[in-house]
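K.L.:
Have a look at the structure that comes next, please.
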Amino acid sequence: MTIQQAVETTTEPVTRPVDLVRRRAEQTPDLVAMRSKKLGVWRNITWSDYDDEAQLAAHAFAALGISAHDRVGVLSENRPEWLYADMGATALRAITVGFYPTSPAAEIEYLITDSGVQVIVAEDQEQVDKILAVLDKCPSVERIVYLERRGVAAYAHPTLLSYNEFRELGRQHRTEHPGLLAQVHADAAASDVATLVYTSGTTGPPKGAMLTCGNIAYALDALLAGRTLFSPPPTAADVSVSFLPLCHVAERMFTVWNNAGSGIVVHFAESIETIAADLAEIQPTLLFAVPRIWEKLQSTVMIKSASASPAKRLAFRIGMKLSESIAAARIANGGDHTTASRLTYAVGYPLLFRPLRDKLGLRKTRAALSGAAPISPDVLRFFLGLGVPISEAYGMTENTAIATCTRAHRLKLGTVGEVIDGIELRLDPETGEVQTRHPGNFAGYWNRPEATASTFTEDGWLRTGDVGAWVDGTYLAIVDRMKDIIITAGGKNISPSEIENQLKVSPFVKEAVVIGDRRPYLTALIGIEFDAVADWASRKGIQYTTYRDLSRRQEVLELIRGVIVATNDKFARVENVRKFRMFGKELDHDDGELTATQKVKRAALTQGYRELIEDMYSNSTTHPGGDLQGVHT
């Protein structure tokens, strides 16, 4: 019986991720479920361990008064306790609410009050301090369970409870109520809300998307059926690394639900700063990352190659020529090798591809995935030439991240693949909006019936807000977000994300925001990739002091001008960027410029950097930047 069949069967309870963990603990108790690194040492956690910790968490939550439909929050970096709390809440039919650990206190306050979280699991002193700073405005919070004692153990606040005390509470409760979880399981239903996943808030306050047990079961079944991203499907022999925020639906699917459903061994790094070293040590077979991570990996390669010895630079140039030839052949062949490309790869493997993949942690990667945002085809070409084909997947929080994917042997660059079997997907004939209809579509927004109603069409299709186009009949290309499409003063419709992604292919560009709605031509706000530009400046003997100083150097302005000119050559004249200005600092989530997932908040930027923007549409030259292609107003 598949997971989805279990959901649809009325004679037995819905199969939830926590039930899959229990099943693995019964069938393979000694197999490793996950590994966690502490003080430089990897610690094995078996399925038996995992199930026991999830049960303790469930009983501890019950002892604290949590029951069906109550909300439990988790404010932590990725670690096993995140999963224990999540599964423990699910076991009680409670609702897990994940918080981004980078969120400032004001955002935490909003999310707590909006969701009505009653118990929140916080990682350390930094996260506890955020909650305590706004606790007076969050009357729903009854207890704060902290994971790390350092700095918090001396606090005397009555809401605080250490994780050791929390676990002991769970042991006592389990002894007194041994049949509780079985009783709750019998009442579980596909319609139970399992989690609130808050939207990124690019256009307004974040909204809590309600994902049900049925949604998750359907999406997980689609992921593991062998008809989507993985061929063959993932198994207990596969290895992954979890480092993207677990409150994001894609990472939750890949790490938490996929782990329970397929048995892959998940690794939790010691910290986000150790990710590069951990990837090289672990050599995962499956790897999910957002485009920014893939772009950063490519940028790192280019930076290090530029400062290598002459012999290594020569080997790199030769290897890149081979890589470009391989990528072109594979793209023309649906992603598969041709005889010629396979031979070329064999020549380049000992020269460059193996040592490079080894350093990047990609030597054993059999399936790589990019999602959550558009990615430049040039980045995909780079990794494909190295022997790491990256599959694109398209979905959103509101459809449990399931819609389309790149299938094995059917790669088509510039698209997000084909519609997953069993899913209905259409394009609105007037607007081109992508709309989906399947059992993974969410139950609605928490306490927002009007917003929920506007998200669905009258005939029950989910409005994604993305503009799409069919390529060769079956492949879907995402043009842009409907709200981001630029209509110039001349009436031309332009997708800024395509231009921005092309600009960010350069290792020197971290952020690019194209402006031009109701304007006579396109302009751009540019943020440099500080490490890459600093390395370049050092090799050129350019002196600087700060990010702001470096970004305003005339040599750097000319460097960025060259990037923009090269990008303009790839687009029609009406899509060319005619002027640019530089950000004086790195964009920051705390300043309201980025979402927690590092997406640009366009409305906030156009307001906050209005002076820079207006400067580009006047004759003023008061800010560092420049004009291109002789365009002057």
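Following the order of the structure tokens, first chain is A, next is B, and so on, with residues numbered from 1 inside each chain and ligands from 1 in the order they appear.
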At a cut-off of 9 Å, using only C-alpha atoms, what residues contact region 218-227 of chain A? Leave out same-chain residues fewer than 3 positions from it and give the result as a VMD selection string.
P.N.:
chain A and resid 2 to 5 7 213 to 215 230 to 234 253 257 to 258 261 to 262 399 to 402 407 to 408 420 to 422 438 to 440
K.L.:
Would you save the residues from that selection as a compact mmCIF listing (two decimals), in the first residue's frame, using N, CA and C atoms?
P.N.:
```
# COMPACT_ATOMS: atom_id res chain seq x y z
N THR A 2 0.60 2.18 -0.91
CA THR A 2 1.34 3.43 -0.93
C THR A 2 0.86 4.33 0.19
N ILE A 3 1.63 5.38 0.46
CA ILE A 3 1.25 6.32 1.50
C ILE A 3 -0.09 6.96 1.15
N GLN A 4 -0.26 7.32 -0.14
CA GLN A 4 -1.50 7.97 -0.53
C GLN A 4 -2.69 7.03 -0.40
N GLN A 5 -2.49 5.75 -0.73
CA GLN A 5 -3.59 4.79 -0.55
C GLN A 5 -3.98 4.69 0.91
N VAL A 7 -3.81 7.09 3.00
CA VAL A 7 -4.59 8.29 3.29
C VAL A 7 -6.04 8.12 2.87
N CYS A 213 -2.07 16.42 7.06
CA CYS A 213 -1.43 15.10 6.97
C CYS A 213 -1.65 14.50 5.59
N GLY A 214 -2.85 14.73 5.03
CA GLY A 214 -3.14 14.23 3.68
C GLY A 214 -2.29 14.90 2.62
N ASN A 215 -2.09 16.22 2.75
CA ASN A 215 -1.21 16.94 1.82
C ASN A 215 0.19 16.34 1.82
N PHE A 230 13.96 11.48 -8.52
CA PHE A 230 14.97 10.47 -8.24
C PHE A 230 14.72 9.22 -9.07
N SER A 231 15.74 8.77 -9.73
CA SER A 231 15.66 7.52 -10.48
C SER A 231 17.00 6.81 -10.34
N PRO A 232 17.06 5.71 -9.56
CA PRO A 232 15.96 5.11 -8.81
C PRO A 232 15.59 5.94 -7.56
N PRO A 233 14.44 5.61 -6.94
CA PRO A 233 13.99 6.35 -5.75
C PRO A 233 15.01 6.25 -4.61
N PRO A 234 15.01 7.21 -3.69
CA PRO A 234 15.94 7.18 -2.56
C PRO A 234 15.68 6.02 -1.63
N MET A 253 10.37 18.87 3.37
CA MET A 253 10.08 17.70 2.54
C MET A 253 11.33 16.85 2.35
N TRP A 257 10.39 14.67 5.97
CA TRP A 257 9.40 13.73 5.44
C TRP A 257 10.06 12.68 4.54
N ASN A 258 11.04 13.08 3.75
CA ASN A 258 11.76 12.14 2.89
C ASN A 258 12.55 11.14 3.74
N GLY A 261 10.09 8.67 5.02
CA GLY A 261 9.49 7.85 3.98
C GLY A 261 10.44 6.92 3.27
N SER A 262 11.69 7.35 3.07
CA SER A 262 12.64 6.55 2.29
C SER A 262 13.75 5.93 3.12
N ASN A 399 1.08 24.26 -2.40
CA ASN A 399 0.78 22.94 -2.97
C ASN A 399 1.80 21.90 -2.51
N THR A 400 2.31 22.11 -1.30
CA THR A 400 3.25 21.19 -0.65
C THR A 400 4.47 20.93 -1.53
N ALA A 401 4.86 21.94 -2.30
CA ALA A 401 6.08 21.92 -3.12
C ALA A 401 6.03 20.88 -4.24
N ILE A 402 4.84 20.47 -4.64
CA ILE A 402 4.71 19.44 -5.67
C ILE A 402 3.94 19.99 -6.87
N ARG A 407 12.62 15.25 -15.23
CA ARG A 407 12.68 13.79 -15.18
C ARG A 407 13.99 13.28 -15.75
N ALA A 408 14.38 12.12 -15.29
CA ALA A 408 15.61 11.50 -15.80
C ALA A 408 15.50 11.30 -17.31
N ILE A 420 4.21 16.41 -12.81
CA ILE A 420 4.30 15.12 -12.13
C ILE A 420 3.02 14.33 -12.37
N ASP A 421 3.17 13.03 -12.56
CA ASP A 421 2.01 12.18 -12.83
C ASP A 421 0.94 12.35 -11.76
N GLY A 422 -0.31 12.44 -12.19
CA GLY A 422 -1.43 12.53 -11.27
C GLY A 422 -1.79 13.94 -10.87
N HIS A 438 -4.62 19.32 -7.11
CA HIS A 438 -4.27 17.96 -6.69
C HIS A 438 -4.38 17.87 -5.17
N PRO A 439 -4.32 16.66 -4.61
CA PRO A 439 -4.51 16.50 -3.15
C PRO A 439 -3.42 17.15 -2.29
N GLY A 440 -2.37 17.68 -2.92
CA GLY A 440 -1.35 18.38 -2.15
C GLY A 440 -1.67 19.84 -1.93
```
K.L.:
Mind checking which residues fall within 9 Å of Lys207 (chain A), counting only C-alpha atoms, ignoring those fewer than 5 positions away in the same chain, and posting them as a list in words?
P.N.:
Leu111, Asp114, Leu196, Val197, Tyr198, Thr199, Ser200, Gly201, Tyr445, Trp446, Arg448 and Ala451 of chain A
K.L.:
Rank A:Pro17, A:Pro350, A:Pro284, A:Gly73 by their smallest atom-to-atom distance to His185 (chain A), using only C-alpha atoms, and report the top residue only.
P.N.:
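Checking each of A:Pro17, A:Pro350, A:Pro284, A:Gly73 against His185 (chain A), counting only C-alpha atoms, the winner is A:Pro17.
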K.L.:
Run DSSP on the backbone of this structure and report the residues of region 311-477 of chain A it assigns to helix (DSSP H, G or I), as JSON, numbers by chain.
P.N.:
{"A": [311, 312, 313, 314, 315, 316, 317, 318, 319, 320, 321, 322, 323, 324, 325, 326, 327, 328, 329, 330, 331, 332, 339, 340, 341, 342, 343, 344, 345, 346, 347, 348, 349, 350, 351, 352, 353, 354, 355, 356, 357, 358, 359, 360, 377, 378, 379, 380, 381, 382, 383, 384, 385, 397, 398, 399, 449, 450, 451, 452, 453, 454, 455]}
K.L.:
Could the residues in this selection be written to a file with C-alpha atoms, as a PDB file, in the first residue's frame?
P.N.:
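So again_25.pdb came out as:
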```pdb
ATOM      1  CA  ALA A 311      49.844  25.199 -13.769  1.00  0.00           C
ATOM      2  CA  LYS A 312      46.542  24.793 -11.954  1.00  0.00           C
ATOM      3  CA  ARG A 313      45.009  27.723 -13.845  1.00  0.00           C
ATOM      4  CA  LEU A 314      46.009  26.079 -17.123  1.00  0.00           C
ATOM      5  CA  ALA A 315      44.505  22.751 -16.017  1.00  0.00           C
ATOM      6  CA  PHE A 316      41.339  24.575 -14.980  1.00  0.00           C
ATOM      7  CA  ARG A 317      40.998  26.341 -18.345  1.00  0.00           C
ATOM      8  CA  ILE A 318      41.469  23.062 -20.206  1.00  0.00           C
ATOM      9  CA  GLY A 319      39.001  21.324 -17.919  1.00  0.00           C
ATOM     10  CA  MET A 320      36.408  24.087 -18.401  1.00  0.00           C
ATOM     11  CA  LYS A 321      36.692  23.771 -22.189  1.00  0.00           C
ATOM     12  CA  LEU A 322      36.029  20.061 -21.860  1.00  0.00           C
ATOM     13  CA  SER A 323      33.189  20.772 -19.442  1.00  0.00           C
ATOM     14  CA  GLU A 324      31.503  23.175 -21.875  1.00  0.00           C
ATOM     15  CA  SER A 325      31.691  20.569 -24.630  1.00  0.00           C
ATOM     16  CA  ILE A 326      30.236  17.885 -22.341  1.00  0.00           C
ATOM     17  CA  ALA A 327      27.402  20.112 -21.150  1.00  0.00           C
ATOM     18  CA  ALA A 328      26.428  21.083 -24.714  1.00  0.00           C
ATOM     19  CA  ALA A 329      26.319  17.433 -25.800  1.00  0.00           C
ATOM     20  CA  ARG A 330      24.283  16.340 -22.786  1.00  0.00           C
ATOM     21  CA  ILE A 331      21.805  19.197 -23.114  1.00  0.00           C
ATOM     22  CA  ALA A 332      21.186  18.203 -26.737  1.00  0.00           C
ATOM     23  CA  THR A 339      29.530   8.408 -26.626  1.00  0.00           C
ATOM     24  CA  ALA A 340      31.695  11.421 -27.404  1.00  0.00           C
ATOM     25  CA  SER A 341      30.800  13.289 -24.191  1.00  0.00           C
ATOM     26  CA  ARG A 342      31.450  10.184 -22.111  1.00  0.00           C
ATOM     27  CA  LEU A 343      34.936   9.869 -23.594  1.00  0.00           C
ATOM     28  CA  THR A 344      35.576  13.574 -23.072  1.00  0.00           C
ATOM     29  CA  TYR A 345      34.459  13.258 -19.456  1.00  0.00           C
ATOM     30  CA  ALA A 346      36.841  10.326 -18.971  1.00  0.00           C
ATOM     31  CA  VAL A 347      39.700  12.533 -20.158  1.00  0.00           C
ATOM     32  CA  GLY A 348      38.719  15.436 -17.882  1.00  0.00           C
ATOM     33  CA  TYR A 349      37.856  13.335 -14.822  1.00  0.00           C
ATOM     34  CA  PRO A 350      41.377  12.854 -13.388  1.00  0.00           C
ATOM     35  CA  LEU A 351      42.473  16.305 -14.607  1.00  0.00           C
ATOM     36  CA  LEU A 352      39.762  18.399 -13.005  1.00  0.00           C
ATOM     37  CA  PHE A 353      36.336  16.867 -12.485  1.00  0.00           C
ATOM     38  CA  ARG A 354      37.118  14.352  -9.732  1.00  0.00           C
ATOM     39  CA  PRO A 355      39.287  16.652  -7.553  1.00  0.00           C
ATOM     40  CA  LEU A 356      36.834  19.535  -8.020  1.00  0.00           C
ATOM     41  CA  ARG A 357      33.767  17.444  -7.204  1.00  0.00           C
ATOM     42  CA  ASP A 358      35.628  15.981  -4.226  1.00  0.00           C
ATOM     43  CA  LYS A 359      36.366  19.443  -2.790  1.00  0.00           C
ATOM     44  CA  LEU A 360      32.799  20.595  -3.361  1.00  0.00           C
ATOM     45  CA  PRO A 377      20.769  28.003 -17.129  1.00  0.00           C
ATOM     46  CA  ASP A 378      24.468  28.939 -17.093  1.00  0.00           C
ATOM     47  CA  VAL A 379      24.789  27.603 -13.539  1.00  0.00           C
ATOM     48  CA  LEU A 380      23.097  24.372 -14.606  1.00  0.00           C
ATOM     49  CA  ARG A 381      25.482  24.070 -17.580  1.00  0.00           C
ATOM     50  CA  PHE A 382      28.476  24.512 -15.291  1.00  0.00           C
ATOM     51  CA  PHE A 383      27.518  21.630 -12.979  1.00  0.00           C
ATOM     52  CA  LEU A 384      26.262  19.408 -15.795  1.00  0.00           C
ATOM     53  CA  GLY A 385      29.665  19.678 -17.437  1.00  0.00           C
ATOM     54  CA  THR A 397       4.229  26.137  -0.018  1.00  0.00           C
ATOM     55  CA  GLU A 398       0.547  26.153  -0.910  1.00  0.00           C
ATOM     56  CA  ASN A 399       0.783  22.938  -2.971  1.00  0.00           C
ATOM     57  CA  PRO A 449     -10.623  32.997   4.992  1.00  0.00           C
ATOM     58  CA  GLU A 450     -10.660  35.888   2.530  1.00  0.00           C
ATOM     59  CA  ALA A 451      -7.033  35.356   1.522  1.00  0.00           C
ATOM     60  CA  THR A 452      -7.732  31.634   1.186  1.00  0.00           C
ATOM     61  CA  ALA A 453     -10.748  32.241  -1.039  1.00  0.00           C
ATOM     62  CA  SER A 454      -8.792  34.568  -3.329  1.00  0.00           C
ATOM     63  CA  THR A 455      -6.032  31.953  -3.712  1.00  0.00           C
TER      64      THR A 455
END
```
K.L.:
Using the chain letters and numbers from this document, which residues of region 336-448 of chain A does DSSP assign to strand (DSSP E), as an MDAnalysis selection string?
P.N.:
chainID A and resid 367:370 390:394 404:405 418:419 424:427 433:437 444:445
K.L.:
How many Å separate CA of Met482 (chain A) from CA of Pro101 (chain A)?
P.N.:
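Distance reported for this atom pair: 29.5 Å.
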K.L.:
Mind pulling up the distance from CA of Asp517 (chain A) to CA of Ile486 (chain A)?
P.N.:
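CA of Asp517 (chain A) lies 4.7 Å from CA of Ile486 (chain A).
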